[in-house]
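Worksheet for the structure shown next.
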Amino acid sequence: MMKNLLEKVNETVLELWTGILLWGIVCQLIPVWFLKEKADYSLGLWLGILLAGASAFHMWWALDRGLSRGGAARAISGKRLLSDMP
């Protein structure tokens with residue numbers, strides 16, 4: 001399943017995930033030596049990294065889906081019409 005996902009995901013998303021992960025590692029290794037609450041810092045950092053990765057995937061998924069349906073304008077206007085209804 002993971003191999004299927006990696007084949008489908010755009011190269012840009014993989015680069016973004018790699019950047020998020022590497023930046024997270026740097027942010028974990030350097031400041032953690034100067035903090036008193038190491039566990040709290042680490043938990044918050046890795047939760048943020050996880051959410052950033054999920055957000056990157058969702059952004060790719062939404063854009064890919066919107067652009068593959070005959071143009072973004074049609075997909076967005078259809079959602080706008082539904083959201084304006086009482």
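Quick note on naming: the chains in the structure tokens go A, B, ... in the order shown, residues restart at 1 in each chain, and ligands are numbered from 1 in order of appearance.
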
- prompt: Do you know which residues are at most 8 Å from stretch 10-20 of chain A counting only C-alpha atoms, after dropping those on the same chain fewer than 5 positions away, and could you put them as a ChimeraX atom specification?
  reply: /A:49,52-53,56-57,60

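Shortest atom-to-atom contact with A:Gly24 among A:Met59, A:Leu45, A:Leu67, A:Leu51: A:Leu45, counting only C-alpha atoms.
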